[in-house]
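Novice: Okay, so here is entry.cif, and as you'll see once you scroll down, it has mmCIF, C-alpha atoms and all ligand atoms.
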```cif
data_work
loop_
_atom_site.label_atom_id
_atom_site.label_comp_id
_atom_site.auth_asym_id
_atom_site.auth_seq_id
_atom_site.Cartn_x
_atom_site.Cartn_y
_atom_site.Cartn_z
CA MET A 24 105.45 47.52 53.88
CA GLU A 25 104.11 47.23 50.35
CA LEU A 26 102.52 43.78 50.04
CA GLY A 27 100.51 44.46 46.88
CA THR A 28 100.66 41.50 44.52
CA ARG A 29 99.47 40.89 40.99
CA TYR A 30 98.20 37.40 40.28
CA LEU A 31 96.25 36.27 37.19
CA GLY A 32 95.63 39.89 36.31
CA LEU A 33 94.10 40.55 39.74
CA ASP A 34 95.43 43.21 42.10
CA LEU A 35 95.71 41.56 45.50
CA GLU A 36 96.36 43.33 48.80
CA ASN A 37 99.00 40.75 49.73
CA PRO A 38 100.31 37.36 48.52
CA LEU A 39 98.29 35.14 50.93
CA VAL A 40 95.44 33.22 49.27
CA VAL A 41 93.07 30.69 50.82
CA GLY A 42 93.58 27.58 48.67
CA SER A 43 90.88 25.36 47.20
CA SER A 44 88.95 23.68 50.02
CA PRO A 45 85.49 23.57 51.60
CA MET A 46 86.40 26.72 53.60
CA ALA A 47 85.00 28.88 50.79
CA CYS A 48 81.58 27.21 51.16
CA ASP A 49 81.16 28.52 54.69
CA LEU A 50 80.26 32.16 54.15
CA ASP A 51 80.88 33.16 57.76
CA LEU A 52 84.32 31.51 57.70
CA ALA A 53 85.10 33.16 54.35
CA ARG A 54 84.29 36.56 55.85
CA ARG A 55 86.52 35.84 58.85
CA LEU A 56 89.34 34.74 56.55
CA GLU A 57 89.00 38.01 54.65
CA ASP A 58 89.07 39.97 57.92
CA ALA A 59 92.16 37.99 58.95
CA GLY A 60 94.00 39.18 55.83
CA ALA A 61 93.26 36.71 53.02
CA ALA A 62 93.85 38.42 49.66
CA ALA A 63 91.73 35.99 47.61
CA ILE A 64 89.86 32.74 48.13
CA VAL A 65 89.64 29.62 45.96
CA MET A 66 86.42 27.59 45.87
CA PRO A 67 86.54 23.80 46.30
CA SER A 68 86.43 21.99 42.97
CA LEU A 69 83.47 21.23 40.81
CA PHE A 70 84.29 17.87 39.25
CA GLU A 71 84.08 16.63 35.66
CA GLU A 72 82.37 13.48 36.95
CA GLN A 73 79.64 15.55 38.65
CA LEU A 74 78.95 17.46 35.45
CA LEU A 75 78.88 14.30 33.33
CA GLY A 76 76.55 12.65 35.84
CA GLN A 77 74.23 15.65 35.64
CA GLN A 78 74.28 15.49 31.86
CA LEU A 79 73.34 11.79 31.86
CA GLU A 80 70.55 12.32 34.36
CA ALA A 81 69.13 14.99 32.08
CA GLY A 82 69.16 12.45 29.26
CA LEU A 83 71.76 14.36 27.28
CA PRO A 84 74.46 12.47 25.36
CA ILE A 85 78.06 12.61 26.52
CA ASP A 86 80.93 13.10 24.15
CA GLU A 87 83.76 10.78 23.15
CA PRO A 88 86.39 11.94 25.69
CA ALA A 89 83.91 11.28 28.50
CA ALA A 90 82.87 7.81 27.31
CA GLN A 91 85.21 6.02 29.74
CA PHE A 92 83.23 7.70 32.53
CA LEU A 93 80.35 5.29 31.83
CA GLY A 94 82.54 2.26 32.60
CA VAL A 95 83.45 3.46 36.08
CA ARG A 96 80.20 5.20 37.00
CA GLU A 97 79.33 2.59 39.63
CA GLN A 98 82.59 3.23 41.48
CA LEU A 99 82.13 7.00 41.71
CA PRO A 100 80.64 8.84 44.68
CA VAL A 101 76.86 9.23 44.41
CA PRO A 102 75.78 12.77 43.45
CA GLU A 103 74.50 13.51 46.99
CA SER A 104 77.95 12.90 48.51
CA TYR A 105 79.48 15.96 46.81
CA ALA A 106 79.42 19.06 48.99
CA LEU A 107 77.65 21.09 46.28
CA SER A 108 75.68 20.12 43.18
CA PRO A 109 76.70 22.04 40.04
CA ASP A 110 73.72 24.41 40.38
CA ASP A 111 74.43 24.97 44.09
CA TYR A 112 78.06 25.63 43.18
CA TYR A 113 77.20 28.46 40.78
CA GLU A 114 74.82 29.92 43.33
CA ARG A 115 77.48 29.67 46.07
CA ILE A 116 79.94 31.67 43.98
CA ALA A 117 77.37 34.42 43.57
CA ARG A 118 76.67 34.43 47.34
CA LEU A 119 80.38 34.40 48.19
CA LYS A 120 80.90 37.36 45.85
CA ARG A 121 78.18 39.25 47.75
CA THR A 122 79.79 38.30 51.08
CA VAL A 123 83.45 39.19 50.55
CA ALA A 124 85.22 41.94 48.62
CA ILE A 125 88.33 39.89 47.81
CA PRO A 126 88.56 38.03 44.48
CA VAL A 127 86.88 34.63 44.32
CA ILE A 128 88.60 31.97 42.22
CA ALA A 129 86.45 29.06 41.01
CA SER A 130 87.92 25.58 40.58
CA LEU A 131 87.12 22.99 37.93
CA ASN A 132 88.63 19.54 38.32
CA GLY A 133 88.88 16.96 35.56
CA HIS A 134 91.12 15.56 32.89
CA SER A 135 89.39 15.36 29.51
CA ALA A 136 88.64 18.12 27.03
CA GLY A 137 84.89 17.71 26.69
CA TYR A 138 81.51 19.40 27.04
CA TRP A 139 81.83 19.49 30.83
CA LEU A 140 84.17 22.45 30.42
CA GLU A 141 81.20 24.54 29.31
CA ALA A 142 80.56 24.81 33.06
CA ALA A 143 83.35 27.40 33.02
CA GLY A 144 80.86 29.79 31.41
CA TYR A 145 78.44 29.39 34.35
CA LEU A 146 81.28 30.09 36.78
CA GLU A 147 82.06 33.28 34.90
CA SER A 148 78.39 34.34 34.85
CA ALA A 149 78.14 33.64 38.58
CA GLY A 150 80.87 36.23 39.15
CA ALA A 151 84.11 34.26 39.56
CA ASP A 152 87.17 36.47 39.10
CA ALA A 153 89.44 33.69 37.81
CA LEU A 154 89.46 29.96 37.23
CA GLU A 155 91.73 27.32 38.70
CA LEU A 156 91.76 24.24 36.48
CA ASN A 157 92.88 21.15 38.36
CA VAL A 158 93.94 18.42 35.96
CA TYR A 159 94.35 15.60 38.44
CA ARG A 160 95.11 12.31 36.77
CA VAL A 161 97.17 9.19 37.38
CA ALA A 162 98.47 7.53 34.22
CA THR A 163 97.81 3.76 34.31
CA ASP A 164 97.61 2.90 30.59
CA ALA A 165 100.90 1.58 29.16
CA THR A 166 99.75 2.29 25.61
CA ARG A 167 99.40 6.05 26.17
CA PRO A 168 102.70 7.92 25.99
CA ALA A 169 103.46 11.06 27.98
CA GLU A 170 103.02 13.13 24.80
CA ALA A 171 99.38 12.05 24.45
CA ILE A 172 98.61 12.87 28.07
CA GLU A 173 100.32 16.25 27.89
CA ARG A 174 98.50 17.06 24.65
CA GLU A 175 95.20 16.21 26.30
CA THR A 176 96.03 18.44 29.27
CA ALA A 177 96.77 21.31 26.87
CA GLU A 178 93.45 20.62 25.11
CA VAL A 179 91.62 20.89 28.44
CA VAL A 180 93.23 24.28 29.00
CA ARG A 181 92.51 25.46 25.45
CA ALA A 182 88.85 24.39 25.68
CA ALA A 183 88.42 26.26 28.99
CA HIS A 184 90.25 29.28 27.61
CA GLU A 185 87.94 29.37 24.59
CA ALA A 186 84.85 29.04 26.82
CA VAL A 187 85.55 32.05 29.06
CA ARG A 188 87.39 35.34 29.33
CA LEU A 189 88.49 34.54 32.89
CA PRO A 190 92.21 34.21 33.59
CA ILE A 191 93.11 30.54 34.08
CA ALA A 192 95.67 28.95 36.39
CA VAL A 193 96.37 25.24 35.98
CA LYS A 194 96.92 23.15 39.09
CA LEU A 195 99.38 20.44 38.16
CA SER A 196 100.97 17.38 39.66
CA PRO A 197 104.78 17.46 39.97
CA PHE A 198 105.30 14.27 37.95
CA TYR A 199 106.41 15.22 34.45
CA THR A 200 109.66 14.42 32.69
CA SER A 201 109.94 18.06 31.61
CA LEU A 202 107.74 20.39 33.59
CA PRO A 203 109.17 23.49 31.82
CA HIS A 204 108.07 22.02 28.48
CA VAL A 205 104.59 21.29 29.83
CA ALA A 206 104.42 24.82 31.28
CA ALA A 207 105.28 26.33 27.88
CA ARG A 208 102.64 24.21 26.21
CA LEU A 209 99.97 25.22 28.72
CA ALA A 210 100.89 28.90 28.33
CA GLY A 211 100.47 28.43 24.57
CA ALA A 212 97.01 26.95 25.22
CA GLY A 213 95.93 30.01 27.19
CA ALA A 214 97.02 29.42 30.80
CA GLU A 215 98.07 32.56 32.66
CA GLY A 216 99.33 30.79 35.74
CA LEU A 217 100.32 27.53 37.39
CA VAL A 218 99.49 26.25 40.85
CA LEU A 219 102.34 24.09 42.12
CA PHE A 220 101.27 21.46 43.07
CA ASN A 221 98.36 19.13 43.46
CA ARG A 222 98.99 16.86 46.41
CA PHE A 223 99.00 13.33 45.11
CA TYR A 224 96.58 11.41 47.29
CA GLN A 225 98.17 8.11 48.16
CA PRO A 226 95.87 5.42 49.51
CA ASP A 227 97.23 3.05 52.16
CA ILE A 228 96.45 -0.64 52.65
CA ASP A 229 94.63 -1.88 55.75
CA LEU A 230 96.31 -5.19 56.67
CA GLU A 231 93.39 -6.32 58.84
CA THR A 232 90.62 -5.91 56.29
CA LEU A 233 92.86 -6.28 53.21
CA ALA A 234 91.14 -3.21 51.83
CA VAL A 235 92.43 -0.03 50.29
CA GLU A 236 92.29 2.72 52.86
CA ARG A 237 91.44 6.19 51.54
CA GLN A 238 92.68 8.92 53.80
CA LEU A 239 93.08 12.65 53.48
CA ALA A 240 95.85 13.84 55.78
CA LEU A 241 96.65 17.51 56.20
CA SER A 242 100.01 18.59 54.80
CA ASP A 243 103.39 18.91 56.41
CA PRO A 244 105.88 21.80 55.89
CA ALA A 245 108.39 19.27 54.46
CA GLU A 246 106.18 19.15 51.34
CA LEU A 247 107.19 22.71 50.55
CA LEU A 248 110.69 21.72 49.39
CA LEU A 249 109.45 20.11 46.17
CA ARG A 250 107.48 23.30 45.46
CA LEU A 251 110.50 25.53 46.10
CA ARG A 252 112.58 23.73 43.50
CA TRP A 253 109.97 24.03 40.75
CA LEU A 254 108.99 27.59 41.62
CA ALA A 255 112.66 28.53 41.25
CA ILE A 256 112.93 26.73 37.90
CA LEU A 257 109.65 27.99 36.43
CA ARG A 258 109.88 31.62 37.61
CA GLY A 259 109.76 33.92 34.59
CA HIS A 260 108.79 31.18 32.12
CA HIS A 261 106.35 32.49 29.48
CA GLY A 262 105.02 35.18 31.85
CA LEU A 263 103.18 32.54 33.87
CA ALA A 264 102.03 33.59 37.33
CA LEU A 265 102.99 31.05 39.98
CA ALA A 266 101.12 29.98 43.11
CA ALA A 267 102.68 27.72 45.73
CA SER A 268 100.25 25.15 47.12
CA GLY A 269 101.40 22.54 49.60
CA GLY A 270 103.29 22.82 52.86
CA VAL A 271 103.02 26.55 53.61
CA HIS A 272 102.37 26.61 57.36
CA SER A 273 104.28 29.70 58.57
CA ALA A 274 105.60 33.10 57.52
CA ALA A 275 109.00 31.47 57.02
CA ASP A 276 107.46 28.98 54.57
CA ALA A 277 105.69 31.83 52.75
CA ALA A 278 108.93 33.84 52.57
CA LYS A 279 110.78 30.86 51.08
CA ALA A 280 108.10 30.34 48.42
CA LEU A 281 108.21 34.04 47.50
CA LEU A 282 112.02 34.05 47.33
CA ALA A 283 111.90 30.98 45.09
CA GLY A 284 109.50 32.73 42.72
CA ALA A 285 105.88 32.38 43.85
CA ASP A 286 103.57 35.29 43.13
CA VAL A 287 101.18 34.03 45.79
CA VAL A 288 101.11 31.28 48.37
CA GLN A 289 97.99 29.26 49.00
CA LEU A 290 97.10 28.12 52.50
CA VAL A 291 94.77 25.25 53.39
CA SER A 292 96.02 22.78 56.03
CA VAL A 293 97.30 25.48 58.39
CA LEU A 294 93.93 27.24 58.27
CA LEU A 295 91.93 24.04 58.73
CA ARG A 296 94.13 23.24 61.74
CA HIS A 297 94.34 26.66 63.41
CA GLY A 298 91.58 28.81 61.88
CA PRO A 299 91.74 32.36 60.46
CA THR A 300 94.05 33.65 63.24
CA ALA A 301 96.86 31.69 61.58
CA LEU A 302 96.48 33.95 58.56
CA THR A 303 96.78 37.12 60.63
CA ARG A 304 99.90 35.73 62.31
CA ILE A 305 101.53 34.67 59.01
CA ARG A 306 100.79 38.06 57.46
CA SER A 307 102.27 40.06 60.34
CA GLU A 308 105.33 37.80 60.67
CA LEU A 309 105.91 38.05 56.92
CA VAL A 310 105.85 41.85 57.18
CA SER A 311 108.38 41.70 60.06
CA TRP A 312 110.62 39.32 58.14
CA LEU A 313 110.61 41.55 55.05
CA ALA A 314 111.31 44.67 57.15
CA GLU A 315 114.16 43.02 59.07
CA ARG A 316 115.89 42.29 55.75
CA SER A 317 115.26 45.85 54.55
CA PHE A 318 112.89 44.86 51.78
CA LEU A 319 110.49 47.72 51.02
CA SER A 320 108.00 45.50 49.22
CA VAL A 321 107.16 41.89 48.63
CA ASP A 322 108.04 42.46 44.95
CA GLU A 323 111.67 43.13 45.97
CA ALA A 324 111.94 39.72 47.61
CA ARG A 325 110.00 37.78 45.00
CA GLY A 326 112.11 35.48 42.87
CA ARG A 327 115.41 36.49 44.51
CA LEU A 328 116.43 32.83 44.67
CA SER A 329 114.88 31.71 41.41
CA LEU A 330 116.93 30.31 38.56
CA ALA A 331 115.62 32.97 36.17
CA GLY A 332 119.09 34.56 35.93
CA ALA A 333 121.12 31.33 35.94
CA THR A 334 123.11 30.82 32.74
CA SER A 335 122.73 27.06 32.91
CA PRO A 336 119.93 25.92 35.23
CA ASP A 337 120.50 22.25 34.30
CA ALA A 338 124.18 22.45 35.30
CA TYR A 339 123.24 24.33 38.49
CA GLU A 340 120.83 21.58 39.54
CA ARG A 341 123.42 18.92 38.74
CA ALA A 342 126.12 20.81 40.71
CA ASN A 343 123.83 21.05 43.74
CA TYR A 344 123.24 17.33 43.58
CA LEU A 345 126.98 16.61 43.50
CA HIS A 346 127.60 18.94 46.46
CA PHE A 347 124.94 17.12 48.48
CA LEU A 348 126.63 13.78 47.99
CA GLN A 349 130.14 14.83 49.01
CA PRO A 350 131.10 14.27 52.65
CA PRO A 351 131.69 17.57 54.51
CA SER A 352 135.32 18.62 54.32
CA THR A 353 137.31 18.04 57.55
CA GLY A 354 139.83 20.42 56.20
C1 LIG B 401 89.85 19.03 53.09
C2 LIG B 401 90.54 19.42 51.81
C3 LIG B 401 89.78 19.60 50.66
C4 LIG B 401 90.41 19.95 49.46
N1 LIG B 401 89.66 20.11 48.34
C5 LIG B 401 90.26 20.47 47.17
C6 LIG B 401 89.50 20.67 46.00
O1 LIG B 401 88.28 20.52 45.98
N2 LIG B 401 90.18 21.02 44.86
C7 LIG B 401 91.52 21.21 44.83
O2 LIG B 401 92.07 21.56 43.78
N3 LIG B 401 92.27 21.02 45.94
C8 LIG B 401 91.67 20.66 47.09
N4 LIG B 401 92.44 20.46 48.22
C9 LIG B 401 93.90 20.60 48.12
C10 LIG B 401 94.34 21.99 48.60
O3 LIG B 401 93.82 23.02 47.76
C11 LIG B 401 95.88 22.13 48.62
O4 LIG B 401 96.39 21.99 47.31
C12 LIG B 401 96.55 21.10 49.51
O5 LIG B 401 95.84 20.93 50.73
C13 LIG B 401 97.99 21.53 49.82
O6 LIG B 401 98.01 22.77 50.47
P1 LIG B 401 98.25 22.90 52.07
O7 LIG B 401 99.58 22.33 52.37
O8 LIG B 401 98.16 24.37 52.36
O9 LIG B 401 97.16 22.11 52.73
C14 LIG B 401 91.83 20.11 49.43
C15 LIG B 401 92.57 19.92 50.59
C16 LIG B 401 91.94 19.58 51.77
C17 LIG B 401 92.78 19.39 53.01
#
```
Please re-express this file's structure in structure tokens.
Specialist:
Amino acid sequence: MELGTRYLGLDLENPLVVGSSPMACDLDLARRLEDAGAAAIVMPSLFEEQLLGQQLEAGLPIDEPAAQFLGVREQLPVPESYALSPDDYYERIARLKRTVAIPVIASLNGHSAGYWLEAAGYLESAGADALELNVYRVATDATRPAEAIERETAEVVRAAHEAVRLPIAVKLSPFYTSLPHVAARLAGAGAEGLVLFNRFYQPDIDLETLAVERQLALSDPAELLLRLRWLAILRGHHGLALAASGGVHSAADAAKALLAGADVVQLVSVLLRHGPTALTRIRSELVSWLAERSFLSVDEARGRLSLAGATSPDAYERANYLHFLQPPSTG
């Protein structure tokens, strides 16, 4: 079975990628994930706030987009609580590159287009093969329209694109009025791919302590459905490569994401829960599934159920909705 996959200009042995998480920081685990069949590995994020903090500690000025950082500095994690300092992060990429032969994708996480993006150059020098840019943000300001936020996101991508020659994938949240429009704008700013999606971390409330409860739960396969819809809609848009992230726990989930239009699927929760053997199992079951349906390659299956060929994707989505709401015929 031909599993070869092209993603962000990289030739991958198969479409299974270890998603952004602390797994890449454990060199022994990274090697075992490679042996288990991972085709690439994404580093955990290096955060805008870490880089701004480092800049302030060095007595350097911060720029206008980062000024709001000063107001919330007290609420942020202290520098020691991050898994890796910026300098350790660059060094870890270099060590990971010496440890595994598969491509290593670095991850920067922030939301403003400022000096902190110069860190992308250090990631490139350290040997990263590509960059995942996670623009996690929650809009809370009623005076800022969607247009301003989307423009700023495009500026982040453009600034990173101008700083490095690395291919860039943007990890987005699903909450946009027109994701296809945003995708086009990001492609225009230099993005070569999209990672669908960021999981939106949703704090709970503890009724005993009346405090906000921060929790990081592993994902559930039900989360994949939102990804399938947008993979199918965005497949083929502006030549953007697509990665599914969120809810891929089995070969069946991976097959669905590929059919919808993903170039690669990223795995995190399933690997944290079951270890590298889960990757070997998913890879071999994916091969069996493809063979049983007489596909000769993963490319043949990819995008089969996307909306790339639909004459009116809007009408198709609306028709599906209407079908859902009609009671089954007793006919
Ligand atoms: C422990 C943990 C740490 C993570 N750290 C990061 C991170 O640093 N940057 C990032 O973009 N995503 C991070 N993620 C999100 C994952 O990359 C992924 O998008 C999410 O877990 C959904 O994929 P899954 O269903 O395979 O778990 C993290 C997830 C977990 C569980």
Novice: Between A:Asp286, A:Glu147, A:Glu71, A:Glu103, which is the closest to ligand LIG 401 (chain B) once you count all atoms listed in the file?
Specialist: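 Checking each of A:Asp286, A:Glu147, A:Glu71, A:Glu103 against ligand LIG 401 (chain B), counting all atoms listed in the file, the winner is A:Glu71.
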Novice: Just give me the gap between atom CA of A:Leu249 and atom CA of A:Pro197 in Å, one decimal is fine.
Specialist: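 A separation of 8.2 Å between them.
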Novice: My list of candidates is A:Leu290, A:Ala331, A:Leu154, A:Ala143. Which is closest to A:Ser242 when distances are computed with all atoms listed in the file?
Specialist: A:Leu290
Novice: Using only C-alpha atoms, what residues lie at most 12 Å away from (88.1, 14.9, 28.9) (file coordinates), given as number ranges by chain?
Specialist: A: 70-72, 74-75, 85-92, 132-141, 158-160, 172, 174-183
Novice: Set up a box along x, y and z of the file covering all listed atoms of stretch 53-63 of chain A, add 5 Å on every one of the six sides, and write the centre and edge lengths in Å to one decimal, as JSON.
Specialist:
```
{"center_x": 89.1, "center_y": 36.6, "center_z": 53.3, "size_x": 19.7, "size_y": 16.8, "size_z": 21.3}
```
Novice: Any residue with an atom at most 6 Å from ligand LIG 401 (chain B) counts, using all atoms listed in the file. Which are they? Put them as a PDB file with C-alpha atoms, in the frame of the given file.
Specialist:
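Result saved to pocket10.pdb:
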```
ATOM      1  CA  GLY A  42      93.580  27.580  48.670  1.00  0.00           C
ATOM      2  CA  SER A  43      90.880  25.360  47.200  1.00  0.00           C
ATOM      3  CA  SER A  44      88.950  23.680  50.020  1.00  0.00           C
ATOM      4  CA  PRO A  45      85.490  23.570  51.600  1.00  0.00           C
ATOM      5  CA  PRO A  67      86.540  23.800  46.300  1.00  0.00           C
ATOM      6  CA  SER A  68      86.430  21.990  42.970  1.00  0.00           C
ATOM      7  CA  ASN A 157      92.880  21.150  38.360  1.00  0.00           C
ATOM      8  CA  ASN A 221      98.360  19.130  43.460  1.00  0.00           C
ATOM      9  CA  ARG A 222      98.990  16.860  46.410  1.00  0.00           C
ATOM     10  CA  LEU A 241      96.650  17.510  56.200  1.00  0.00           C
ATOM     11  CA  SER A 242     100.010  18.590  54.800  1.00  0.00           C
ATOM     12  CA  SER A 268     100.250  25.150  47.120  1.00  0.00           C
ATOM     13  CA  GLY A 269     101.400  22.540  49.600  1.00  0.00           C
ATOM     14  CA  GLY A 270     103.290  22.820  52.860  1.00  0.00           C
ATOM     15  CA  VAL A 271     103.020  26.550  53.610  1.00  0.00           C
ATOM     16  CA  GLN A 289      97.990  29.260  49.000  1.00  0.00           C
ATOM     17  CA  LEU A 290      97.100  28.120  52.500  1.00  0.00           C
ATOM     18  CA  VAL A 291      94.770  25.250  53.390  1.00  0.00           C
ATOM     19  CA  SER A 292      96.020  22.780  56.030  1.00  0.00           C
TER      20      SER A 292
END
```
Novice: Which residue, A:Lys120, A:Lys279, A:Arg208, A:Arg188, has the smallest gap to A:Leu263 when you use all atoms listed in the file?
Specialist: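 That would be A:Arg208, the residue with the smallest distance to A:Leu263.
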Novice: Tell me, counting only C-alpha atoms, for each residue of stretch 26-71 of chain A within 7 Å of stretch 296-302 of chain A, which pair of atoms is nearest and how far apart they are in Å to one decimal, in rows ordered by chain and increasing number, as a Markdown table.
Specialist:
```
| residue | atom | partner | partner_atom | distance |
| --- | --- | --- | --- | --- |
| A:Arg55 | CA | A:Pro299 | CA | 6.5 |
| A:Leu56 | CA | A:Pro299 | CA | 5.2 |
| A:Ala59 | CA | A:Pro299 | CA | 5.8 |
| A:Gly60 | CA | A:Leu302 | CA | 6.4 |
| A:Ala61 | CA | A:Leu302 | CA | 7.0 |
```
